[in-house]
Amino acid sequence: MKVKSQSKKINKAWLNDHVNDTYVKLAQKEGFRTRAAYKLKEIDEQFGLIRPGTTVVDLGSAPGAWGQYVRHRLSPSGAAAGMLNGCIIALDILPMEPIEGVAFLQGDFREPEVLAQLEAALQGRPVDVVVSDMAPNLTGIASTDAARITPLVELAVEFACAHLRPEGALVVKLFHGAGYSELVQLFRETFRLVKPVKPKASRDKSSETFLVGIGLKNMP
């Protein structure tokens, strides 16, 4: 009974924090599906990644807040509907409610046939920005979650190397813990500019952070 009571207390505390969260309220007000939109917004504003005419690939896109943000950025008027100056292709293992102007593929990025579908959707277009919010099912154990996200980040880097423009950018989510320094090193070997970012919208208690890599090294 103690465990159950403690669990209820934790859930109640999380729910209270969530309901009173500034970014949750802002997302509801501005029509974003989750507060995660503001993580990408802060990164984009810091580095100026997403501009009119940009081709963006959104990995781990569900439920769609990042896709919504990109869609606003590529709209001449910043609207959620209507004209779009650019291309957004989103992919996730989970289903995602449609976003106007966003091409969505459902499948596991780790499977070659799904990757082939994504490459076909690009129709030979070079990519300007790859954003990845991919993460494994979280255990709550920091070291385990950090280790399990490593192959997803490596896949995103591999995709970026194959499809980004030379001056393109990759943004990935990762966790502090096992494998973190190795992933930073992988970015440094791959990109000319590498910056870790902890957006204000990322909760203080979370070990998540984001790595931004801009400008590919060693282009073929």
# chains A, B, ... in the order shown; residues from 1 in each chain; ligands from 1
>>> residues_around(residues="Asn85 in chain A", least_positions_apart="2", cutoff="7 Å", atoms="only C-alpha atoms", output="PyMOL selection string")
chain A and resi 52-53+74-76+83
>>> residues_around(residues="Phe32 in chain A", least_positions_apart="2", cutoff="10 Å", atoms="only C-alpha atoms", output="PDB file with N, CA and C atoms, in the first residue's frame")
ATOM      1  N   VAL A  24       3.114  24.630 -21.119  1.00  0.00           N
ATOM      2  CA  VAL A  24       1.882  23.884 -21.383  1.00  0.00           C
ATOM      3  C   VAL A  24       0.748  24.870 -21.674  1.00  0.00           C
ATOM      4  N   LEU A  26       1.067  27.957 -22.680  1.00  0.00           N
ATOM      5  CA  LEU A  26       1.366  28.663 -23.929  1.00  0.00           C
ATOM      6  C   LEU A  26       1.024  27.796 -25.139  1.00  0.00           C
ATOM      7  N   ALA A  27       1.333  26.506 -25.053  1.00  0.00           N
ATOM      8  CA  ALA A  27       1.022  25.586 -26.155  1.00  0.00           C
ATOM      9  C   ALA A  27      -0.486  25.513 -26.378  1.00  0.00           C
ATOM     10  N   GLN A  28      -1.230  25.454 -25.297  1.00  0.00           N
ATOM     11  CA  GLN A  28      -2.693  25.423 -25.409  1.00  0.00           C
ATOM     12  C   GLN A  28      -3.210  26.711 -26.047  1.00  0.00           C
ATOM     13  N   LYS A  29      -2.642  27.822 -25.645  1.00  0.00           N
ATOM     14  CA  LYS A  29      -3.071  29.129 -26.163  1.00  0.00           C
ATOM     15  C   LYS A  29      -2.737  29.285 -27.646  1.00  0.00           C
ATOM     16  N   GLU A  30      -1.553  28.811 -28.050  1.00  0.00           N
ATOM     17  CA  GLU A  30      -1.085  29.033 -29.413  1.00  0.00           C
ATOM     18  C   GLU A  30      -1.374  27.868 -30.358  1.00  0.00           C
ATOM     19  N   THR A  34       1.971  19.971 -28.110  1.00  0.00           N
ATOM     20  CA  THR A  34       2.684  19.810 -26.839  1.00  0.00           C
ATOM     21  C   THR A  34       3.633  20.992 -26.642  1.00  0.00           C
ATOM     22  N   ARG A  35       4.129  21.086 -25.427  1.00  0.00           N
ATOM     23  CA  ARG A  35       5.087  22.135 -25.071  1.00  0.00           C
ATOM     24  C   ARG A  35       6.418  21.960 -25.782  1.00  0.00           C
ATOM     25  N   ALA A  36       6.661  20.791 -26.384  1.00  0.00           N
ATOM     26  CA  ALA A  36       7.934  20.524 -27.065  1.00  0.00           C
ATOM     27  C   ALA A  36       8.202  21.509 -28.198  1.00  0.00           C
ATOM     28  N   ALA A  37       7.145  22.108 -28.745  1.00  0.00           N
ATOM     29  CA  ALA A  37       7.331  23.086 -29.826  1.00  0.00           C
ATOM     30  C   ALA A  37       8.288  24.192 -29.409  1.00  0.00           C
ATOM     31  N   TYR A  38       8.268  24.553 -28.144  1.00  0.00           N
ATOM     32  CA  TYR A  38       9.080  25.680 -27.678  1.00  0.00           C
ATOM     33  C   TYR A  38      10.551  25.315 -27.497  1.00  0.00           C
ATOM     34  N   PRO A  63       3.817  13.577 -31.218  1.00  0.00           N
ATOM     35  CA  PRO A  63       2.479  13.838 -31.762  1.00  0.00           C
ATOM     36  C   PRO A  63       2.408  14.988 -32.767  1.00  0.00           C
ATOM     37  N   GLY A  64       3.516  15.699 -33.016  1.00  0.00           N
ATOM     38  CA  GLY A  64       3.501  16.654 -34.111  1.00  0.00           C
ATOM     39  C   GLY A  64       3.814  18.102 -33.775  1.00  0.00           C
ATOM     40  N   ALA A  65       4.216  18.384 -32.553  1.00  0.00           N
ATOM     41  CA  ALA A  65       4.469  19.776 -32.168  1.00  0.00           C
ATOM     42  C   ALA A  65       5.630  20.392 -32.956  1.00  0.00           C
ATOM     43  N   TRP A  66       6.687  19.594 -33.191  1.00  0.00           N
ATOM     44  CA  TRP A  66       7.812  20.127 -33.958  1.00  0.00           C
ATOM     45  C   TRP A  66       7.400  20.383 -35.408  1.00  0.00           C
ATOM     46  N   GLY A  67       6.613  19.458 -35.979  1.00  0.00           N
ATOM     47  CA  GLY A  67       6.118  19.649 -37.333  1.00  0.00           C
ATOM     48  C   GLY A  67       5.248  20.887 -37.443  1.00  0.00           C
ATOM     49  N   GLN A  68       4.418  21.130 -36.423  1.00  0.00           N
ATOM     50  CA  GLN A  68       3.592  22.335 -36.401  1.00  0.00           C
ATOM     51  C   GLN A  68       4.466  23.586 -36.392  1.00  0.00           C
ATOM     52  N   TYR A  69       5.503  23.567 -35.559  1.00  0.00           N
ATOM     53  CA  TYR A  69       6.384  24.738 -35.485  1.00  0.00           C
ATOM     54  C   TYR A  69       7.063  24.993 -36.832  1.00  0.00           C
ATOM     55  N   ALA A  80      -1.026  28.370 -39.684  1.00  0.00           N
ATOM     56  CA  ALA A  80      -1.097  26.924 -39.513  1.00  0.00           C
ATOM     57  C   ALA A  80      -1.696  26.245 -40.740  1.00  0.00           C
TER      58      ALA A  80
END
>>> closest_atom_pairs(of="range 52-154 of chain A", to="range 183-204 of chain A", cutoff="10 Å", atoms="only C-alpha atoms", output="tab-separated table")
residue	atom	partner	partner_atom	distance
A:Thr150	CA	A:Leu183	CA	7.3
A:Pro151	CA	A:Leu183	CA	9.7
A:Val153	CA	A:Leu183	CA	7.7
A:Glu154	CA	A:Leu183	CA	7.8
>>> closest_atom_pairs(of="range 96-130 of chain A", to="range 157-169 of chain A", cutoff="9 Å", atoms="only C-alpha atoms", output="JSON lines")
{"residue": "A:Leu115", "atom": "CA", "partner": "A:Phe159", "partner_atom": "CA", "distance": 8.8}
{"residue": "A:Glu119", "atom": "CA", "partner": "A:His163", "partner_atom": "CA", "distance": 8.6}
{"residue": "A:Gly124", "atom": "CA", "partner": "A:His163", "partner_atom": "CA", "distance": 8.9}
{"residue": "A:Arg125", "atom": "CA", "partner": "A:His163", "partner_atom": "CA", "distance": 8.3}
{"residue": "A:Pro126", "atom": "CA", "partner": "A:Arg165", "partner_atom": "CA", "distance": 5.7}
{"residue": "A:Val127", "atom": "CA", "partner": "A:Leu164", "partner_atom": "CA", "distance": 4.6}
{"residue": "A:Asp128", "atom": "CA", "partner": "A:Gly168", "partner_atom": "CA", "distance": 4.7}
{"residue": "A:Val129", "atom": "CA", "partner": "A:Ala169", "partner_atom": "CA", "distance": 4.8}
{"residue": "A:Val130", "atom": "CA", "partner": "A:Ala169", "partner_atom": "CA", "distance": 6.4}
>>> write_last_selection(atoms="N, CA and C atoms", output="compact mmCIF listing (two decimals), in the first residue's frame")
# COMPACT_ATOMS: atom_id res chain seq x y z
N LEU A 115 13.39 3.50 -44.13
CA LEU A 115 14.38 4.50 -44.56
C LEU A 115 14.30 4.72 -46.06
N GLU A 119 13.59 8.20 -48.09
CA GLU A 119 14.46 8.69 -49.16
C GLU A 119 13.66 8.92 -50.45
N GLY A 124 14.95 13.11 -54.30
CA GLY A 124 16.26 13.62 -54.69
C GLY A 124 16.60 14.99 -54.14
N ARG A 125 15.69 15.60 -53.38
CA ARG A 125 15.97 16.93 -52.81
C ARG A 125 17.01 16.82 -51.71
N PRO A 126 18.02 17.67 -51.71
CA PRO A 126 18.91 17.72 -50.54
C PRO A 126 18.18 18.33 -49.36
N VAL A 127 18.54 17.92 -48.17
CA VAL A 127 17.85 18.36 -46.95
C VAL A 127 18.63 19.50 -46.32
N ASP A 128 17.90 20.51 -45.87
CA ASP A 128 18.53 21.65 -45.18
C ASP A 128 18.68 21.40 -43.69
N VAL A 129 17.65 20.82 -43.09
CA VAL A 129 17.66 20.61 -41.64
C VAL A 129 17.02 19.25 -41.32
N VAL A 130 17.69 18.48 -40.48
CA VAL A 130 17.11 17.26 -39.90
C VAL A 130 16.92 17.53 -38.41
>>> atom_distance(atom1="CA of Val56 in chain A", atom2="CA of Ile149 in chain A")
21.6 Å
>>> select_by_dssp(residues="range 121-173 of chain A", states="alpha helix (DSSP H)", output="list of chain:residue names")
A:Ala121, A:Leu122, A:Ala142, A:Ser143, A:Thr144, A:Asp145, A:Ala146, A:Ala147, A:Arg148, A:Ile149, A:Thr150, A:Pro151, A:Leu152, A:Val153, A:Glu154, A:Leu155, A:Ala156, A:Val157, A:Glu158, A:Phe159, A:Ala160, A:Cys161, A:Ala162, A:His163
>>> select_by_dssp(residues="range 106-199 of chain A", states="strand (DSSP E or B)", output="number ranges by chain")
A: 106, 127-132, 164-175, 191-197
>>> closest_residue(among="A:Val212, A:Leu174, A:Ala62, A:Leu84", to="Glu97 in chain A", atoms="only C-alpha atoms")
A:Ala62
>>> atom_distance(atom1="CA of Thr54 in chain A", atom2="CA of Leu216 in chain A")
17.0 Å
>>> closest_residue(among="A:Pro95, A:Leu152, A:Ala116, A:Ala146", to="Ser181 in chain A", atoms="only C-alpha atoms")
A:Ala146
